[in-house]
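Novice: Next comes the structure file model12.tsv, holding TSV, C-alpha atoms.
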```tsv
chain	number	residue	atom	x	y	z
A	6	MET	CA	96.50	34.10	-29.36
A	7	VAL	CA	93.02	34.44	-27.92
A	8	GLU	CA	91.14	31.78	-25.98
A	9	PHE	CA	87.42	32.17	-25.44
A	10	ILE	CA	85.47	30.89	-22.50
A	11	PHE	CA	82.27	30.54	-24.50
A	12	GLU	CA	78.70	30.37	-23.30
A	13	ASN	CA	75.61	30.29	-25.49
A	14	GLU	CA	72.53	31.21	-23.46
A	15	THR	CA	70.21	30.90	-26.45
A	16	SER	CA	68.68	28.05	-28.41
A	17	GLU	CA	70.48	29.37	-31.52
A	18	GLU	CA	73.16	27.17	-32.94
A	19	PHE	CA	76.58	28.80	-32.77
A	20	THR	CA	79.10	26.80	-34.75
A	21	GLU	CA	82.77	26.19	-34.10
A	22	ALA	CA	83.49	28.02	-37.39
A	23	GLN	CA	81.63	31.11	-36.14
A	24	LEU	CA	83.53	31.00	-32.87
A	25	GLU	CA	86.88	30.62	-34.68
A	26	GLU	CA	86.08	33.63	-36.86
A	27	LEU	CA	85.33	35.76	-33.80
A	28	LYS	CA	88.65	34.62	-32.30
A	29	ARG	CA	90.40	35.78	-35.49
A	30	VAL	CA	88.64	39.14	-35.17
A	31	ALA	CA	89.78	39.47	-31.55
A	32	GLU	CA	93.35	38.50	-32.47
A	33	THR	CA	93.40	40.96	-35.38
A	34	VAL	CA	92.28	43.79	-33.11
A	35	MET	CA	94.97	42.85	-30.59
A	36	GLU	CA	97.59	42.80	-33.36
A	37	GLY	CA	96.44	46.25	-34.48
A	38	GLU	CA	96.87	47.48	-30.92
A	39	GLU	CA	100.32	45.87	-30.77
A	40	CYS	CA	99.41	43.72	-27.78
A	41	ASN	CA	102.32	41.50	-26.85
A	42	PHE	CA	100.37	39.01	-24.76
A	43	ASP	CA	97.92	36.16	-25.22
A	44	ALA	CA	94.44	36.67	-23.83
A	45	GLU	CA	91.53	34.83	-22.32
A	46	ILE	CA	88.13	36.39	-22.92
A	47	SER	CA	84.71	35.35	-21.71
A	48	LEU	CA	82.28	35.50	-24.65
A	49	THR	CA	78.58	35.07	-23.97
A	50	ILE	CA	75.88	34.97	-26.64
A	51	THR	CA	72.52	35.86	-25.17
A	52	ASP	CA	69.15	37.23	-26.27
A	53	ASN	CA	67.54	40.63	-25.77
A	54	ASP	CA	66.05	39.65	-22.40
A	55	GLY	CA	69.42	38.42	-21.14
A	56	ILE	CA	71.37	41.50	-22.19
A	57	HIS	CA	68.56	43.75	-20.90
A	58	ALA	CA	68.97	42.24	-17.42
A	59	ILE	CA	72.76	42.67	-17.51
A	60	ASN	CA	72.49	46.22	-18.85
A	61	LYS	CA	70.06	47.12	-16.06
A	62	GLU	CA	72.12	45.49	-13.31
A	63	TYR	CA	75.54	46.85	-14.28
A	64	ARG	CA	74.77	50.10	-16.08
A	65	GLY	CA	71.37	51.08	-14.68
A	66	ILE	CA	69.92	51.16	-18.22
A	67	ALA	CA	66.63	49.27	-18.46
A	68	ARG	CA	66.69	48.22	-22.12
A	69	PRO	CA	68.45	45.72	-24.33
A	70	THR	CA	71.59	46.69	-26.21
A	71	ASP	CA	73.74	44.98	-28.82
A	72	VAL	CA	76.97	44.35	-26.90
A	73	LEU	CA	78.41	44.91	-23.46
A	74	SER	CA	82.09	44.90	-22.55
A	75	PHE	CA	83.50	44.39	-19.09
A	76	PRO	CA	87.28	45.03	-19.05
A	77	MET	CA	89.37	43.40	-16.33
A	78	LEU	CA	92.45	45.59	-16.83
A	79	GLU	CA	93.29	49.24	-16.85
A	80	PHE	CA	95.72	50.12	-19.60
A	81	GLY	CA	98.45	52.69	-19.49
A	82	GLU	CA	100.60	50.81	-17.01
A	83	ASP	CA	103.79	49.15	-18.22
A	84	GLU	CA	103.11	45.72	-16.77
A	85	ILE	CA	100.08	43.49	-16.41
A	86	ASP	CA	99.37	42.50	-12.82
A	87	ALA	CA	99.99	38.78	-12.25
A	88	GLU	CA	96.56	38.39	-10.64
A	89	PHE	CA	95.06	38.75	-14.12
A	90	GLU	CA	97.06	35.86	-15.59
A	91	THR	CA	95.75	32.33	-15.86
A	92	GLU	CA	97.79	29.23	-15.04
A	93	ASP	CA	98.51	29.00	-18.78
A	94	GLY	CA	100.00	32.51	-18.84
A	95	LEU	CA	97.02	34.07	-20.61
A	96	VAL	CA	95.89	37.55	-19.57
A	97	MET	CA	92.25	37.63	-18.46
A	98	LEU	CA	91.16	40.56	-20.61
A	99	GLY	CA	87.47	40.69	-19.70
A	100	ASP	CA	83.95	39.77	-20.77
A	101	ILE	CA	82.01	40.32	-23.98
A	102	VAL	CA	78.24	39.79	-24.01
A	103	ILE	CA	76.43	39.93	-27.37
A	104	SER	CA	72.69	39.83	-27.97
A	105	ILE	CA	72.22	37.61	-31.02
A	106	GLU	CA	68.71	39.02	-31.43
A	107	ARG	CA	69.91	42.61	-31.53
A	108	ALA	CA	72.82	41.65	-33.81
A	109	ARG	CA	70.36	40.09	-36.26
A	110	GLU	CA	68.11	43.19	-36.12
A	111	GLN	CA	71.07	45.50	-36.77
A	112	ALA	CA	72.39	43.35	-39.63
A	113	GLU	CA	69.01	43.65	-41.31
A	114	GLU	CA	68.79	47.38	-40.52
A	115	PHE	CA	72.27	48.07	-41.97
A	116	GLY	CA	71.82	45.71	-44.92
A	117	HIS	CA	74.67	43.32	-44.21
A	118	SER	CA	75.10	39.82	-42.85
A	119	LEU	CA	74.76	38.56	-39.30
A	120	ARG	CA	78.34	37.32	-39.76
A	121	ARG	CA	79.55	40.87	-40.38
A	122	GLU	CA	77.53	42.28	-37.47
A	123	LEU	CA	78.89	39.71	-35.01
A	124	ALA	CA	82.44	40.43	-36.23
A	125	PHE	CA	81.86	44.19	-35.87
A	126	LEU	CA	80.46	43.84	-32.34
A	127	THR	CA	83.41	41.65	-31.36
A	128	ALA	CA	85.94	44.15	-32.78
A	129	HIS	CA	84.14	47.02	-31.05
A	130	SER	CA	84.04	45.22	-27.74
A	131	MET	CA	87.70	44.18	-28.00
A	132	LEU	CA	88.70	47.83	-28.27
A	133	HIS	CA	86.74	48.51	-25.08
A	134	LEU	CA	88.53	45.63	-23.36
A	135	LEU	CA	91.81	47.17	-24.50
A	136	GLY	CA	91.00	50.51	-22.87
A	137	TRP	CA	89.27	52.55	-25.57
A	138	ASP	CA	85.96	54.36	-25.15
A	139	HIS	CA	83.72	56.52	-27.29
A	140	VAL	CA	81.17	57.88	-24.83
A	141	ASP	CA	81.59	61.67	-24.74
A	142	ASP	CA	84.96	61.21	-26.48
A	143	PRO	CA	85.01	62.14	-30.19
A	144	VAL	CA	88.71	61.26	-30.48
A	145	GLY	CA	88.11	57.83	-28.96
A	146	GLU	CA	85.11	57.29	-31.21
A	147	ALA	CA	87.06	58.18	-34.37
A	148	TYR	CA	89.92	55.92	-33.29
A	149	MET	CA	87.58	53.01	-32.59
A	150	ILE	CA	85.82	53.38	-35.94
A	151	GLU	CA	89.15	53.42	-37.77
A	152	LYS	CA	90.51	50.38	-35.88
A	153	GLN	CA	87.28	48.36	-36.23
A	154	ASN	CA	87.17	48.97	-39.96
A	155	LYS	CA	90.86	48.19	-40.38
A	156	ALA	CA	90.56	44.86	-38.56
A	157	LEU	CA	87.42	43.75	-40.41
A	158	ASN	CA	88.79	44.84	-43.80
A	159	LYS	CA	92.00	42.91	-43.12
A	160	LEU	CA	89.88	39.80	-42.58
A	161	GLY	CA	87.68	40.52	-45.61
A	162	ILE	CA	84.56	40.92	-43.47
A	163	THR	CA	82.95	43.93	-45.10
A	164	ARG	CA	79.47	45.40	-45.19
A	165	GLU	CA	79.11	44.00	-48.70
A	166	ILE	CA	78.99	40.44	-47.34
A	167	HIS	CA	75.37	39.29	-47.27
A	168	GLU	CA	75.81	35.64	-46.25
```
Please re-express this file's structure in structure tokens.

Specialist:
Amino acid sequence: MVEFIFENETSEEFTEAQLEELKRVAETVMEGEECNFDAEISLTITDNDGIHAINKEYRGIARPTDVLSFPMLEFGEDEIDAEFETEDGLVMLGDIVISIERAREQAEEFGHSLRRELAFLTAHSMLHLLGWDHVDDPVGEAYMIEKQNKALNKLGITREIHE
């Protein structure tokens, strides 16, 4: 199970159905990674200006991006430290920040729906929260591509969807 702490920093409407779908994406990625815990994730929807500021502050990159991931845990250890568990027994996995503007631009650029792009960015970010990376790591990149596609295909959220 995944619980989102959700914040919408934009004037865009973000429906409960959209949020539930992104939860299903996150849960499907966790299932694919054989995670045996329930998670709490902070999900923020922002605009290009908002993500630009975060990207500059935390990564030193002065431009907007599509998604940022801030993992709370380091994987590879056998147990999850109790300090990362909520009162409800959920593991605080980390933060996902998505620029809705950039997601819309990329959906148009790639010829698929905003729905598919948001699902992709969530799957991608979940893999980062679960310890995977692709920067200067061709093996990690190939793994992430395979796992993202597998999760989205399982949910029927393909590039062919143009809703």

Novice: Here is a test: counting only C-alpha atoms, which residue of A:Ser16, A:Val7, A:Ser104, A:Ala22 is nearest to Asn53 of chain A?

Specialist: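 So, comparing all the options, the nearest one is A:Ser104.
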
Novice: Leaving out segment 132-139 of chain A and any residue of its chain fewer than 5 positions from it, which residues lie within 9 Å of it when counting all atoms listed in the file, given as a PyMOL selection string?

Specialist: chain A and resi 34-35+38+40+74-81+98-101+127+144-149+152-153

Novice: Go through A:Gly116, A:Arg107, A:Thr51, A:Ser130 one by one, measure the shortest atom-to-atom distance of each to Glu18 of chain A using all atoms listed in the file, and give the residue with the smallest value.

Specialist: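 Among A:Gly116, A:Arg107, A:Thr51, A:Ser130, it is A:Thr51 that comes nearest to Glu18 of chain A.
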
Novice: Which distance in Å separates atom CA of Thr15 of chain A and atom CA of Asn60 of chain A, to one decimal?

Specialist: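 Separating atom CA of Thr15 of chain A from atom CA of Asn60 of chain A is a distance of 17.3 Å.
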
Novice: For Leu48 of chain A, please output as a PyMOL selection string all residues within 8 Å (counting all atoms listed in the file; exclusion window: fewer than 5 positions along the same chain).

Specialist: chain A and resi 9-12+100-103

Novice: Kindly give the distance, in Å, that separates atom CA of Tyr63 of chain A and atom CA of Ala44 of chain A, rounded to a single decimal.

Specialist: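 So the answer is 23.5 Å.
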
Novice: Provide the atom CA of Leu119 of chain A to atom CA of Arg164 of chain A distance in Å, to one decimal place.

Specialist: 10.2 Å

Novice: Report as a list in words all protein, DNA and RNA residues lying within 12 Å of Ala112 of chain A, evaluated on only C-alpha atoms, omitting residues in the same chain fewer than 2 positions from it.

Specialist: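 Those residues are Asp71, Ile105, Glu106, Arg107, Ala108, Arg109, Glu110, Glu114, Phe115, Gly116, His117, Ser118, Leu119, Arg120, Arg121, Glu122, Leu123, Ala124, Phe125, Leu126, Thr163, Arg164, Glu165, Ile166, His167 and Glu168 of chain A.
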
Novice: Could you check which of A:Ile56, A:Ala156, A:Ala67, A:Leu24 is closest to His129 of chain A, using all atoms listed in the file?

Specialist: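 Of all the options, A:Ala156 lies closest to His129 of chain A.
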
Novice: May I ask which of the residues A:Glu21, A:Asp142, A:Glu45, A:Glu151 is the closest one to Glu92 of chain A, counting all atoms listed in the file?

Specialist: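 Comparing A:Glu21, A:Asp142, A:Glu45, A:Glu151 against Glu92 of chain A, the winner is A:Glu45.
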
Novice: Return the single residue from A:Asp54, A:Glu36, A:Glu26, A:Asp43 that is closest to Glu14 of chain A, with distances computed using all atoms listed in the file.

Specialist: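 Ranked by minimum distance to Glu14 of chain A, first place goes to A:Asp54.
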
Novice: Could you tell me which of A:Lys61, A:Pro69, A:Val30, A:Met6 comes closest to Asn158 of chain A if we count all atoms listed in the file?

Specialist: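 Under the stated criterion, the closest residue is A:Val30.
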
Novice: Report, as lines of an AutoDock Vina configuration file, the axis-aligned box around all atoms of segment 41-47 of chain A present in the file, extended by 3 Å on each side; give centre and edge lengths in Å to one decimal place.

Specialist:
```
center_x = 93.5
center_y = 38.2
center_z = -24.3
size_x = 23.6
size_y = 12.7
size_z = 11.1
```
